[in-house]
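Enquirer: Structure: input-v4.cif, mmCIF, C-alpha atoms and all ligand atoms.
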```cif
data_input
loop_
_atom_site.label_atom_id
_atom_site.label_comp_id
_atom_site.auth_asym_id
_atom_site.auth_seq_id
_atom_site.Cartn_x
_atom_site.Cartn_y
_atom_site.Cartn_z
CA MET L 71 -0.91 -33.81 28.71
CA ALA L 72 -3.65 -31.37 29.80
CA LEU L 73 -6.62 -30.64 27.57
CA VAL L 74 -5.66 -27.86 25.17
CA THR L 75 -7.43 -25.29 23.03
CA THR L 76 -7.21 -25.55 19.26
CA LYS L 77 -5.13 -22.38 18.97
CA GLU L 78 -1.69 -23.95 18.63
CA MET L 79 -3.10 -27.00 16.80
CA PHE L 80 -4.55 -24.75 14.12
CA SER L 81 -1.54 -22.52 13.70
CA LYS L 82 0.67 -25.60 13.20
CA ALA L 83 -1.90 -27.18 10.86
CA TYR L 84 -2.22 -23.98 8.83
CA ASN L 85 1.51 -23.69 8.37
CA GLY L 86 2.02 -27.41 7.88
CA GLY L 87 -0.68 -27.83 5.23
CA TYR L 88 -2.75 -30.39 7.10
CA ALA L 89 -5.96 -30.48 9.16
CA VAL L 90 -6.93 -31.80 12.57
CA GLY L 91 -9.88 -34.18 12.69
CA ALA L 92 -12.86 -33.35 14.89
CA PHE L 93 -14.71 -36.57 15.51
CA ASN L 94 -18.21 -36.68 16.98
CA VAL L 95 -18.57 -38.98 19.95
CA ASP L 96 -21.84 -40.25 21.44
CA ASN L 97 -20.42 -42.46 24.17
CA ILE L 98 -17.20 -43.30 25.98
CA ASP L 99 -16.56 -46.29 23.74
CA ILE L 100 -16.49 -44.19 20.60
CA MET L 101 -14.40 -41.59 22.38
CA GLN L 102 -11.82 -44.26 23.24
CA GLY L 103 -11.80 -45.57 19.68
CA VAL L 104 -11.03 -42.07 18.40
CA LEU L 105 -8.38 -41.44 21.06
CA ASN L 106 -6.68 -44.80 20.47
CA ALA L 107 -6.29 -43.86 16.82
CA ALA L 108 -4.83 -40.47 17.71
CA VAL L 109 -2.34 -41.99 20.15
CA LYS L 110 -1.32 -44.70 17.70
CA THR L 111 -0.66 -42.14 14.97
CA GLN L 112 0.67 -39.46 17.35
CA SER L 113 -1.82 -36.94 16.03
CA PRO L 114 -3.50 -33.98 17.73
CA ILE L 115 -7.24 -34.63 18.04
CA ILE L 116 -10.52 -32.81 18.65
CA ILE L 117 -13.23 -34.65 20.55
CA ALA L 118 -16.49 -33.12 19.31
CA VAL L 119 -19.61 -33.35 21.45
CA SER L 120 -22.92 -32.07 20.11
CA GLY L 121 -25.64 -30.62 22.34
CA GLY L 122 -27.58 -33.86 21.99
CA ALA L 123 -24.57 -36.03 22.82
CA LEU L 124 -23.80 -33.82 25.82
CA LYS L 125 -27.30 -34.36 27.16
CA TYR L 126 -27.10 -38.10 26.49
CA MET L 127 -23.66 -38.57 28.08
CA HIS L 128 -24.19 -35.94 30.82
CA PRO L 129 -21.82 -32.94 31.10
CA ALA L 130 -19.93 -34.19 34.16
CA TYR L 131 -19.21 -37.57 32.53
CA VAL L 132 -17.99 -35.86 29.37
CA ARG L 133 -15.74 -33.60 31.36
CA TYR L 134 -14.17 -36.36 33.45
CA ALA L 135 -13.83 -38.74 30.52
CA ALA L 136 -11.94 -36.03 28.63
CA LEU L 137 -9.79 -35.33 31.68
CA ALA L 138 -9.04 -39.05 31.99
CA ALA L 139 -8.07 -39.08 28.31
CA SER L 140 -5.73 -36.15 28.84
CA GLU L 141 -4.04 -38.06 31.68
CA GLU L 142 -3.76 -41.27 29.70
CA CYS L 143 -2.80 -39.93 26.29
CA ASP L 144 0.36 -37.98 25.61
CA ILE L 145 -1.07 -36.02 22.67
CA PRO L 146 -2.86 -32.64 22.40
CA ILE L 147 -6.61 -33.19 22.92
CA ALA L 148 -9.23 -30.47 22.58
CA LEU L 149 -12.74 -30.94 24.00
CA HIS L 150 -15.10 -29.13 21.67
CA LEU L 151 -18.82 -28.31 21.69
CA ASP L 152 -20.17 -28.98 18.20
CA HIS L 153 -23.02 -26.77 16.93
CA GLY L 154 -23.89 -24.98 20.15
CA LYS L 155 -27.31 -23.61 19.23
CA SER L 156 -27.60 -21.14 22.09
CA VAL L 157 -25.37 -18.72 23.95
CA GLU L 158 -26.38 -20.43 27.23
CA LEU L 159 -25.24 -23.87 26.05
CA CYS L 160 -21.89 -22.45 24.97
CA LYS L 161 -21.42 -20.74 28.33
CA GLN L 162 -22.36 -23.95 30.12
CA CYS L 163 -19.65 -25.83 28.21
CA VAL L 164 -17.06 -23.11 28.84
CA ASP L 165 -17.83 -23.55 32.56
CA ASN L 166 -17.69 -27.31 32.27
CA GLY L 167 -14.15 -27.93 31.08
CA PHE L 168 -14.52 -27.59 27.32
CA THR L 169 -11.51 -25.95 25.70
CA SER L 170 -13.37 -24.95 22.54
CA VAL L 171 -16.99 -24.16 21.73
CA MET L 172 -18.88 -23.62 18.53
CA ILE L 173 -21.73 -21.14 18.52
CA ASP L 174 -23.87 -21.95 15.53
CA ALA L 175 -26.17 -19.00 14.99
CA SER L 176 -25.98 -19.38 11.22
CA ALA L 177 -29.74 -19.88 10.94
CA TYR L 178 -30.26 -16.31 12.18
CA ASP L 179 -29.78 -13.15 10.16
CA PHE L 180 -26.26 -11.76 9.83
CA GLU L 181 -26.53 -9.17 12.62
CA THR L 182 -28.08 -11.62 15.10
CA ASN L 183 -25.42 -14.20 14.23
CA ILE L 184 -22.75 -11.57 14.93
CA ALA L 185 -24.34 -10.49 18.23
CA MET L 186 -24.74 -14.04 19.57
CA THR L 187 -21.27 -15.08 18.44
CA ARG L 188 -19.70 -11.95 19.92
CA GLU L 189 -21.34 -12.66 23.28
CA VAL L 190 -19.92 -16.19 23.35
CA VAL L 191 -16.48 -14.92 22.33
CA GLU L 192 -16.44 -12.36 25.15
CA TYR L 193 -17.41 -14.97 27.72
CA ALA L 194 -15.13 -17.73 26.41
CA HIS L 195 -11.99 -15.68 25.82
CA LYS L 196 -12.03 -14.34 29.38
CA ARG L 197 -11.90 -17.96 30.50
CA GLY L 198 -9.22 -19.16 28.09
CA VAL L 199 -11.59 -21.00 25.74
CA VAL L 200 -11.62 -20.59 21.96
CA VAL L 201 -14.69 -20.11 19.76
CA GLU L 202 -15.75 -21.33 16.33
CA GLY L 203 -18.49 -19.48 14.46
CA GLU L 204 -20.45 -20.41 11.36
CA LEU L 205 -21.50 -18.41 8.36
CA GLY L 206 -23.46 -19.65 5.36
CA ALA L 207 -25.80 -22.59 4.90
CA ILE L 208 -24.19 -25.99 5.23
CA ALA L 209 -26.96 -27.71 3.38
CA GLY L 210 -28.69 -31.04 3.52
CA ILE L 211 -29.40 -32.86 0.28
CA GLU L 212 -33.07 -32.05 0.36
CA ASP L 213 -32.51 -28.32 0.34
CA ASP L 214 -33.38 -26.92 -3.05
CA VAL L 215 -31.22 -23.89 -3.04
CA VAL L 216 -32.14 -21.00 -5.27
CA VAL L 217 -28.86 -19.55 -6.45
CA ASP L 218 -29.09 -15.89 -7.30
CA ASP L 219 -25.41 -15.07 -7.62
CA LYS L 220 -22.02 -16.75 -7.82
CA TYR L 221 -22.08 -17.47 -4.09
CA GLY L 222 -25.70 -18.60 -3.71
CA SER L 223 -26.14 -19.78 -0.15
CA PHE L 224 -22.42 -20.45 0.22
CA THR L 225 -20.32 -18.24 2.44
CA HIS L 226 -19.65 -14.87 0.85
CA PRO L 227 -15.97 -13.92 1.26
CA ASP L 228 -16.72 -10.29 2.17
CA ASP L 229 -19.24 -11.38 4.80
CA ALA L 230 -16.65 -13.83 6.18
CA VAL L 231 -14.14 -11.01 6.66
CA GLU L 232 -16.67 -8.76 8.38
CA PHE L 233 -17.93 -11.64 10.53
CA VAL L 234 -14.47 -12.63 11.71
CA HIS L 235 -13.46 -9.06 12.52
CA ARG L 236 -16.64 -8.08 14.31
CA THR L 237 -16.99 -11.26 16.36
CA GLY L 238 -13.38 -11.96 17.29
CA ILE L 239 -13.81 -15.72 16.67
CA ASP L 240 -10.84 -18.05 16.49
CA SER L 241 -12.03 -20.20 13.56
CA LEU L 242 -14.83 -20.08 11.01
CA ALA L 243 -17.02 -22.84 9.60
CA ILE L 244 -17.90 -22.04 6.01
CA ALA L 245 -20.32 -23.42 3.45
CA ILE L 246 -18.68 -24.53 0.18
CA GLY L 247 -20.86 -27.48 -0.73
CA THR L 248 -20.44 -30.01 2.07
CA ALA L 249 -23.56 -31.21 3.88
CA HIS L 250 -24.28 -32.94 7.16
CA GLY L 251 -25.47 -36.53 7.15
CA ALA L 252 -24.83 -39.53 4.95
CA TYR L 253 -26.71 -38.34 1.84
CA LYS L 254 -24.64 -35.44 0.61
CA PHE L 255 -25.28 -35.81 -3.08
CA LYS L 256 -28.10 -37.31 -5.09
CA PRO L 257 -27.34 -40.58 -6.89
CA GLY L 258 -25.71 -39.74 -10.20
CA GLN L 259 -24.85 -36.21 -9.08
CA LYS L 260 -21.17 -35.29 -9.42
CA PRO L 261 -19.76 -34.36 -6.00
CA GLN L 262 -18.14 -30.96 -6.01
CA LEU L 263 -16.88 -28.40 -3.53
CA ARG L 264 -16.41 -24.70 -4.23
CA PHE L 265 -12.66 -24.48 -3.82
CA ASP L 266 -12.77 -21.13 -5.62
CA ILE L 267 -14.78 -19.69 -2.72
CA LEU L 268 -12.44 -21.26 -0.18
CA GLU L 269 -9.50 -19.67 -1.98
CA GLU L 270 -11.16 -16.26 -2.02
CA ILE L 271 -11.95 -16.45 1.68
CA SER L 272 -8.40 -17.52 2.52
CA ALA L 273 -6.93 -14.72 0.44
CA LYS L 274 -9.00 -12.20 2.39
CA LEU L 275 -8.30 -13.84 5.74
CA PRO L 276 -4.66 -14.87 5.65
CA GLU L 277 -3.52 -17.22 8.45
CA PHE L 278 -7.09 -17.67 9.62
CA PRO L 279 -8.23 -21.25 10.34
CA ILE L 280 -11.22 -22.44 8.31
CA VAL L 281 -13.43 -25.34 9.40
CA LEU L 282 -15.13 -27.86 7.14
CA HIS L 283 -18.31 -29.42 8.47
CA GLY L 284 -20.21 -32.24 6.83
CA ALA L 285 -16.99 -33.93 5.79
CA SER L 286 -17.78 -37.62 6.11
CA SER L 287 -16.64 -39.58 3.07
CA VAL L 288 -18.96 -42.57 3.68
CA PRO L 289 -16.25 -45.21 3.12
CA LYS L 290 -17.51 -48.04 0.91
CA ASP L 291 -16.25 -50.88 3.11
CA ARG L 292 -17.99 -49.46 6.20
CA LEU L 293 -21.22 -48.82 4.31
CA ASP L 294 -21.11 -52.36 2.88
CA THR L 295 -20.78 -53.82 6.37
CA PHE L 296 -23.67 -51.67 7.58
CA ASN L 297 -25.91 -52.71 4.68
CA SER L 298 -24.86 -56.37 4.71
CA TYR L 299 -26.22 -56.92 8.19
CA GLY L 300 -29.68 -55.43 7.96
CA GLY L 301 -28.84 -51.75 7.58
CA GLN L 302 -30.67 -49.85 4.90
CA MET L 303 -28.63 -46.95 3.63
CA PRO L 304 -28.07 -47.97 0.02
CA GLU L 305 -27.74 -44.50 -1.43
CA ALA L 306 -25.47 -42.87 1.11
CA ILE L 307 -22.82 -40.72 -0.60
CA GLY L 308 -20.01 -38.75 1.05
CA ILE L 309 -17.34 -36.24 0.08
CA PRO L 310 -14.61 -37.82 -2.05
CA GLU L 311 -11.43 -38.26 -0.04
CA ASP L 312 -9.22 -36.44 -2.53
CA MET L 313 -11.35 -33.31 -2.09
CA LEU L 314 -10.93 -33.49 1.67
CA ARG L 315 -7.17 -33.92 1.28
CA LYS L 316 -7.09 -30.87 -0.95
CA ALA L 317 -9.07 -28.81 1.59
CA ALA L 318 -6.70 -29.95 4.36
CA SER L 319 -3.71 -28.79 2.34
CA MET L 320 -5.30 -25.34 2.02
CA SER L 321 -6.59 -23.12 4.85
CA VAL L 322 -8.92 -25.78 6.30
CA CYS L 323 -7.48 -26.63 9.72
CA LYS L 324 -10.38 -28.65 11.14
CA ILE L 325 -12.40 -31.33 9.38
CA ASN L 326 -15.56 -32.61 11.06
CA VAL L 327 -16.58 -36.24 10.88
CA GLY L 328 -19.69 -37.62 12.54
CA SER L 329 -21.72 -39.75 10.12
CA ASP L 330 -18.78 -42.01 9.24
CA ILE L 331 -18.21 -42.73 12.91
CA ARG L 332 -21.82 -43.82 13.29
CA ILE L 333 -21.89 -45.90 10.10
CA CYS L 334 -18.69 -47.61 11.23
CA TYR L 335 -19.62 -48.21 14.87
CA PHE L 336 -23.21 -49.30 14.31
CA GLY L 337 -22.33 -51.26 11.19
CA GLU L 338 -19.85 -53.28 13.24
CA LEU L 339 -22.39 -53.74 16.02
CA ARG L 340 -24.93 -54.98 13.46
CA LYS L 341 -22.35 -57.45 12.18
CA MET L 342 -21.47 -58.69 15.67
CA PHE L 343 -25.12 -59.16 16.61
CA ALA L 344 -25.64 -61.20 13.44
CA LEU L 345 -22.46 -63.27 13.84
CA LYS L 346 -22.79 -63.94 17.56
CA PRO L 347 -26.45 -64.73 18.15
CA THR L 348 -25.76 -66.85 21.23
CA LYS L 349 -23.66 -64.21 23.01
CA PHE L 350 -24.96 -61.65 25.42
CA GLU L 351 -21.75 -60.37 27.00
CA GLY L 352 -21.56 -56.71 26.01
CA ARG L 353 -17.85 -56.65 25.32
CA GLU L 354 -18.23 -59.37 22.69
CA PHE L 355 -19.99 -56.74 20.60
CA LEU L 356 -18.52 -53.50 21.86
CA GLU L 357 -14.81 -54.30 21.59
CA PRO L 358 -14.92 -55.00 17.84
CA ALA L 359 -17.06 -51.89 17.31
CA ARG L 360 -14.57 -49.73 19.20
CA ALA L 361 -11.70 -51.31 17.28
CA ALA L 362 -13.48 -50.55 13.99
CA VAL L 363 -13.74 -46.88 14.96
CA GLU L 364 -10.03 -46.88 15.84
CA GLU L 365 -9.15 -48.42 12.49
CA MET L 366 -11.27 -46.00 10.47
CA VAL L 367 -10.10 -42.90 12.35
CA THR L 368 -6.49 -44.07 11.94
CA ASP L 369 -7.06 -44.22 8.21
CA LYS L 370 -8.55 -40.73 8.18
CA ILE L 371 -5.72 -39.24 10.23
CA VAL L 372 -3.08 -40.77 7.96
CA ASN L 373 -4.77 -40.51 4.56
CA ILE L 374 -7.08 -37.48 4.79
CA MET L 375 -6.10 -35.12 7.61
CA GLY L 376 -2.34 -35.56 7.21
CA SER L 377 -1.96 -35.00 10.96
CA ALA L 378 -0.04 -38.16 11.87
CA HIS L 379 3.15 -37.46 13.86
CA LYS L 380 2.10 -33.84 14.43
CA ALA L 381 1.24 -34.30 18.13
P1 LIG N 1 -20.90 -35.48 8.72
O1 LIG N 1 -22.37 -35.70 8.86
O2 LIG N 1 -20.49 -35.33 7.29
O3 LIG N 1 -20.09 -36.49 9.41
O4 LIG N 1 -20.56 -34.06 9.38
C1 LIG N 1 -20.44 -33.96 10.78
C2 LIG N 1 -20.31 -32.55 11.22
O5 LIG N 1 -20.02 -31.67 10.47
C3 LIG N 1 -20.54 -32.30 12.65
O6 LIG N 1 -20.51 -30.95 12.93
#
```
Give the structure from this file in structure tokens form.

Expert:
Amino acid sequence: MALVTTKEMFSKAYNGGYAVGAFNVDNIDIMQGVLNAAVKTQSPIIIAVSGGALKYMHPAYVRYAALAASEECDIPIALHLDHGKSVELCKQCVDNGFTSVMIDASAYDFETNIAMTREVVEYAHKRGVVVEGELGAIAGIEDDVVVDDKYGSFTHPDDAVEFVHRTGIDSLAIAIGTAHGAYKFKPGQKPQLRFDILEEISAKLPEFPIVLHGASSVPKDRLDTFNSYGGQMPEAIGIPEDMLRKAASMSVCKINVGSDIRICYFGELRKMFALKPTKFEGREFLEPARAAVEEMVTDKIVNIMGSAHKA
């Protein structure tokens, strides 16, 4: 199957009450682990590549690896730029075989965000590529947010409507309390997401696909493996899985997972290095790490996204 945009994926997900997982990949191994899970579960899948990962892997290798995947795997696969920080980077990815790009100009003021996003949309749509925009601050734990109204730094529903209409984007990443990284809440803090804001946004933007960033759940078994073999992330806390399932059943059509992939992959590598000190054949370490990614992504597809058998 050829690489596809997320257009049809999202419309099916919206109507079917599930989400499609966007998994961050940093190398071909991780990409294969994610794809194996999607094939096994017959799920649509979004391969997410950040600007940093693109530089590390090299654009041509990313493009041909994704094309190889589309030849090998009989499921819908979208190749997506995650957090494109400049218009130029987004255009480069549009020209380089990506089927979806995210322009993240959320750090700029509202009008600049609109202008940059609009420019990417005009370029991408002419070339058959879809665009995700972002509005609101998807925080890190260290941000001490001063909340001056009900919405604080979360996405304001009225702004979301104006942003979507003026930019022409295909999906919107919103801030409702998720955060990037593995430390989303302070120890002892009760995890919560602002489903009331999500509901308000969805009511004002019917049928429109919403994206949830910062949606790693930091699974306990994976974190335990990581920490048992020399890792030091004792206080990592993710989004509870039941909250992600709820979001997927609502208007959230894309759920982004990056940190969990890294905890899983590098936790398994740590374990293999510790358990096989006399080995130096790469595959002795890499195959179990890839298999661990496959296993964890399978679990997410089945138990969080709800996208199994939706290919
Ligand atoms: P996590 O850090 O929660 O995995 O979020 C990843 C993400 O949103 C990438 O855009």

Enquirer: Could you check which residues have any atom within 7 Å of (-19.8, -37.5, 14.1), counting only C-alpha atoms with coordinates taken straight from the file, and then list them as number ranges by chain?

Expert: L: 93-95, 327-332

Enquirer: Return as an mmCIF file with C-alpha atoms, in the coordinates of the input every polymer residue, whether protein, DNA or RNA, with at least one atom no more than 8 Å from an atom of ligand LIG 1 (chain N); count only C-alpha atoms and all ligand atoms.

Expert:
```cif
data_model
loop_
_atom_site.group_PDB
_atom_site.id
_atom_site.type_symbol
_atom_site.label_atom_id
_atom_site.label_comp_id
_atom_site.auth_asym_id
_atom_site.auth_seq_id
_atom_site.Cartn_x
_atom_site.Cartn_y
_atom_site.Cartn_z
ATOM 1 C CA PHE L 93 -14.710 -36.570 15.510
ATOM 2 C CA ASN L 94 -18.210 -36.680 16.980
ATOM 3 C CA ALA L 118 -16.490 -33.120 19.310
ATOM 4 C CA SER L 120 -22.920 -32.070 20.110
ATOM 5 C CA ASP L 152 -20.170 -28.980 18.200
ATOM 6 C CA HIS L 153 -23.020 -26.770 16.930
ATOM 7 C CA THR L 248 -20.440 -30.010 2.070
ATOM 8 C CA ALA L 249 -23.560 -31.210 3.880
ATOM 9 C CA HIS L 250 -24.280 -32.940 7.160
ATOM 10 C CA GLY L 251 -25.470 -36.530 7.150
ATOM 11 C CA ALA L 252 -24.830 -39.530 4.950
ATOM 12 C CA LYS L 254 -24.640 -35.440 0.610
ATOM 13 C CA LEU L 282 -15.130 -27.860 7.140
ATOM 14 C CA HIS L 283 -18.310 -29.420 8.470
ATOM 15 C CA GLY L 284 -20.210 -32.240 6.830
ATOM 16 C CA ALA L 285 -16.990 -33.930 5.790
ATOM 17 C CA SER L 286 -17.780 -37.620 6.110
ATOM 18 C CA SER L 287 -16.640 -39.580 3.070
ATOM 19 C CA GLY L 308 -20.010 -38.750 1.050
ATOM 20 C CA ILE L 309 -17.340 -36.240 0.080
ATOM 21 C CA ILE L 325 -12.400 -31.330 9.380
ATOM 22 C CA ASN L 326 -15.560 -32.610 11.060
ATOM 23 C CA VAL L 327 -16.580 -36.240 10.880
ATOM 24 C CA GLY L 328 -19.690 -37.620 12.540
ATOM 25 C CA SER L 329 -21.720 -39.750 10.120
ATOM 26 C CA ASP L 330 -18.780 -42.010 9.240
ATOM 27 C CA ILE L 331 -18.210 -42.730 12.910
#
```

Enquirer: Hey, what's within 12 Å of Lys370 (chain L) if we count all atoms listed in the file and toss same-chain stuff fewer than 2 positions away? As a PDB file with C-alpha atoms, keeping the file's coordinate frame, please?

Expert:
```pdb
ATOM      1  CA  TYR L  88      -2.750 -30.390   7.100  1.00  0.00           C
ATOM      2  CA  ALA L  89      -5.960 -30.480   9.160  1.00  0.00           C
ATOM      3  CA  VAL L  90      -6.930 -31.800  12.570  1.00  0.00           C
ATOM      4  CA  GLY L  91      -9.880 -34.180  12.690  1.00  0.00           C
ATOM      5  CA  ALA L  92     -12.860 -33.350  14.890  1.00  0.00           C
ATOM      6  CA  PHE L  93     -14.710 -36.570  15.510  1.00  0.00           C
ATOM      7  CA  VAL L 104     -11.030 -42.070  18.400  1.00  0.00           C
ATOM      8  CA  ALA L 107      -6.290 -43.860  16.820  1.00  0.00           C
ATOM      9  CA  ALA L 108      -4.830 -40.470  17.710  1.00  0.00           C
ATOM     10  CA  THR L 111      -0.660 -42.140  14.970  1.00  0.00           C
ATOM     11  CA  SER L 113      -1.820 -36.940  16.030  1.00  0.00           C
ATOM     12  CA  ILE L 115      -7.240 -34.630  18.040  1.00  0.00           C
ATOM     13  CA  ALA L 285     -16.990 -33.930   5.790  1.00  0.00           C
ATOM     14  CA  SER L 286     -17.780 -37.620   6.110  1.00  0.00           C
ATOM     15  CA  SER L 287     -16.640 -39.580   3.070  1.00  0.00           C
ATOM     16  CA  VAL L 288     -18.960 -42.570   3.680  1.00  0.00           C
ATOM     17  CA  PRO L 289     -16.250 -45.210   3.120  1.00  0.00           C
ATOM     18  CA  GLU L 311     -11.430 -38.260  -0.040  1.00  0.00           C
ATOM     19  CA  ASP L 312      -9.220 -36.440  -2.530  1.00  0.00           C
ATOM     20  CA  LEU L 314     -10.930 -33.490   1.670  1.00  0.00           C
ATOM     21  CA  ARG L 315      -7.170 -33.920   1.280  1.00  0.00           C
ATOM     22  CA  ALA L 318      -6.700 -29.950   4.360  1.00  0.00           C
ATOM     23  CA  ILE L 325     -12.400 -31.330   9.380  1.00  0.00           C
ATOM     24  CA  ASN L 326     -15.560 -32.610  11.060  1.00  0.00           C
ATOM     25  CA  VAL L 327     -16.580 -36.240  10.880  1.00  0.00           C
ATOM     26  CA  ASP L 330     -18.780 -42.010   9.240  1.00  0.00           C
ATOM     27  CA  ILE L 331     -18.210 -42.730  12.910  1.00  0.00           C
ATOM     28  CA  VAL L 363     -13.740 -46.880  14.960  1.00  0.00           C
ATOM     29  CA  GLU L 364     -10.030 -46.880  15.840  1.00  0.00           C
ATOM     30  CA  GLU L 365      -9.150 -48.420  12.490  1.00  0.00           C
ATOM     31  CA  MET L 366     -11.270 -46.000  10.470  1.00  0.00           C
ATOM     32  CA  VAL L 367     -10.100 -42.900  12.350  1.00  0.00           C
ATOM     33  CA  THR L 368      -6.490 -44.070  11.940  1.00  0.00           C
ATOM     34  CA  VAL L 372      -3.080 -40.770   7.960  1.00  0.00           C
ATOM     35  CA  ASN L 373      -4.770 -40.510   4.560  1.00  0.00           C
ATOM     36  CA  ILE L 374      -7.080 -37.480   4.790  1.00  0.00           C
ATOM     37  CA  MET L 375      -6.100 -35.120   7.610  1.00  0.00           C
ATOM     38  CA  GLY L 376      -2.340 -35.560   7.210  1.00  0.00           C
ATOM     39  CA  SER L 377      -1.960 -35.000  10.960  1.00  0.00           C
ATOM     40  CA  ALA L 378      -0.040 -38.160  11.870  1.00  0.00           C
TER      41      ALA L 378
END
```

Enquirer: Can you measure CA of Val119 (chain L) to CA of Gln302 (chain L) for me? One decimal in Å is fine.

Expert: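 These two atoms are separated by 25.9 Å.
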
Enquirer: Taking all atoms listed in the file into account, which of L:Gly206, L:Tyr335, L:Lys290, L:Gly301 comes nearest Asp96 (chain L)?

Expert: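 Nearest to Asp96 (chain L): L:Tyr335.
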
Enquirer: Which residue is closest to Ser156 (chain L)? Choose from L:Gly198, L:Gly87, L:Gly203, L:Pro279 and count only C-alpha atoms.

Expert: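 The closest residue to Ser156 (chain L) is L:Gly203.
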
Enquirer: For the atom pair CA of Met320 (chain L) and CA of Gly103 (chain L), what is the interatomic distance in Å to one decimal place?

Expert: 27.6 Å

Enquirer: May I have the residues within 8 Å of region 218-233 of chain L as a PDB file with C-alpha atoms, in the coordinates of the input, using only C-alpha atoms and disregarding those fewer than 4 positions away in the same chain?

Expert:
```
ATOM      1  CA  ILE L 184     -22.750 -11.570  14.930  1.00  0.00           C
ATOM      2  CA  LEU L 205     -21.500 -18.410   8.360  1.00  0.00           C
ATOM      3  CA  GLY L 206     -23.460 -19.650   5.360  1.00  0.00           C
ATOM      4  CA  ALA L 207     -25.800 -22.590   4.900  1.00  0.00           C
ATOM      5  CA  ILE L 208     -24.190 -25.990   5.230  1.00  0.00           C
ATOM      6  CA  THR L 237     -16.990 -11.260  16.360  1.00  0.00           C
ATOM      7  CA  ILE L 244     -17.900 -22.040   6.010  1.00  0.00           C
ATOM      8  CA  ALA L 245     -20.320 -23.420   3.450  1.00  0.00           C
ATOM      9  CA  ILE L 246     -18.680 -24.530   0.180  1.00  0.00           C
ATOM     10  CA  GLY L 247     -20.860 -27.480  -0.730  1.00  0.00           C
ATOM     11  CA  ILE L 267     -14.780 -19.690  -2.720  1.00  0.00           C
ATOM     12  CA  GLU L 270     -11.160 -16.260  -2.020  1.00  0.00           C
ATOM     13  CA  ILE L 271     -11.950 -16.450   1.680  1.00  0.00           C
ATOM     14  CA  LYS L 274      -9.000 -12.200   2.390  1.00  0.00           C
ATOM     15  CA  LEU L 275      -8.300 -13.840   5.740  1.00  0.00           C
TER      16      LEU L 275
END
```

Enquirer: Provide the CA of Ile147 (chain L) to CA of Thr75 (chain L) distance in Å, to one decimal place.

Expert: 7.9 Å

Enquirer: Please list as a list of chain:residue names every residue within 12 Å of Leu124 (chain L), counting all atoms listed in the file and excluding residues in the same chain fewer than 5 positions away.

Expert: L:Asn94, L:Val95, L:Asp96, L:Asn97, L:Ile98, L:Ile117, L:Ala118, L:Val119, L:Pro129, L:Ala130, L:Tyr131, L:Val132, L:Arg133, L:Leu149, L:His150, L:Leu151, L:Asp152, L:His153, L:Gly154, L:Leu159, L:Cys160, L:Gln162, L:Cys163, L:Asn166, L:Phe168

Enquirer: Once you have the residues from the selection above, write them out as a PDB file, in the coordinates of the input, restricted to C-alpha atoms.

Expert:
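Output saved as selection.pdb:
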```pdb
ATOM      1  CA  ASN L  94     -18.210 -36.680  16.980  1.00  0.00           C
ATOM      2  CA  VAL L  95     -18.570 -38.980  19.950  1.00  0.00           C
ATOM      3  CA  ASP L  96     -21.840 -40.250  21.440  1.00  0.00           C
ATOM      4  CA  ASN L  97     -20.420 -42.460  24.170  1.00  0.00           C
ATOM      5  CA  ILE L  98     -17.200 -43.300  25.980  1.00  0.00           C
ATOM      6  CA  ILE L 117     -13.230 -34.650  20.550  1.00  0.00           C
ATOM      7  CA  ALA L 118     -16.490 -33.120  19.310  1.00  0.00           C
ATOM      8  CA  VAL L 119     -19.610 -33.350  21.450  1.00  0.00           C
ATOM      9  CA  PRO L 129     -21.820 -32.940  31.100  1.00  0.00           C
ATOM     10  CA  ALA L 130     -19.930 -34.190  34.160  1.00  0.00           C
ATOM     11  CA  TYR L 131     -19.210 -37.570  32.530  1.00  0.00           C
ATOM     12  CA  VAL L 132     -17.990 -35.860  29.370  1.00  0.00           C
ATOM     13  CA  ARG L 133     -15.740 -33.600  31.360  1.00  0.00           C
ATOM     14  CA  LEU L 149     -12.740 -30.940  24.000  1.00  0.00           C
ATOM     15  CA  HIS L 150     -15.100 -29.130  21.670  1.00  0.00           C
ATOM     16  CA  LEU L 151     -18.820 -28.310  21.690  1.00  0.00           C
ATOM     17  CA  ASP L 152     -20.170 -28.980  18.200  1.00  0.00           C
ATOM     18  CA  HIS L 153     -23.020 -26.770  16.930  1.00  0.00           C
ATOM     19  CA  GLY L 154     -23.890 -24.980  20.150  1.00  0.00           C
ATOM     20  CA  LEU L 159     -25.240 -23.870  26.050  1.00  0.00           C
ATOM     21  CA  CYS L 160     -21.890 -22.450  24.970  1.00  0.00           C
ATOM     22  CA  GLN L 162     -22.360 -23.950  30.120  1.00  0.00           C
ATOM     23  CA  CYS L 163     -19.650 -25.830  28.210  1.00  0.00           C
ATOM     24  CA  ASN L 166     -17.690 -27.310  32.270  1.00  0.00           C
ATOM     25  CA  PHE L 168     -14.520 -27.590  27.320  1.00  0.00           C
TER      26      PHE L 168
END
```

Enquirer: Given only C-alpha atoms as the basis, pick out the residue of L:Met127, L:Ala344, L:Cys143, L:Ala138 nearest to Val109 (chain L).

Expert: L:Cys143

Enquirer: Show me the residues around (-18.7, -37.6, -6.7) - criterion: an atom at most 9 Å away, only C-alpha atoms counted - as a PyMOL selection string.

Expert: chain L and resi 255+258-262+307-310

Enquirer: Find the residue from L:Met71, L:Ala194, L:Ile100, L:Val171 that sits nearest to Cys334 (chain L); use all atoms listed in the file when measuring.

Expert: L:Ile100

Enquirer: Would you please work out which residue, of L:Asp179, L:Asp266, L:Glu204, L:Asp165, is nearest to Ile239 (chain L) when using only C-alpha atoms?

Expert: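 The shortest atom-to-atom distance to Ile239 (chain L) comes from L:Glu204.
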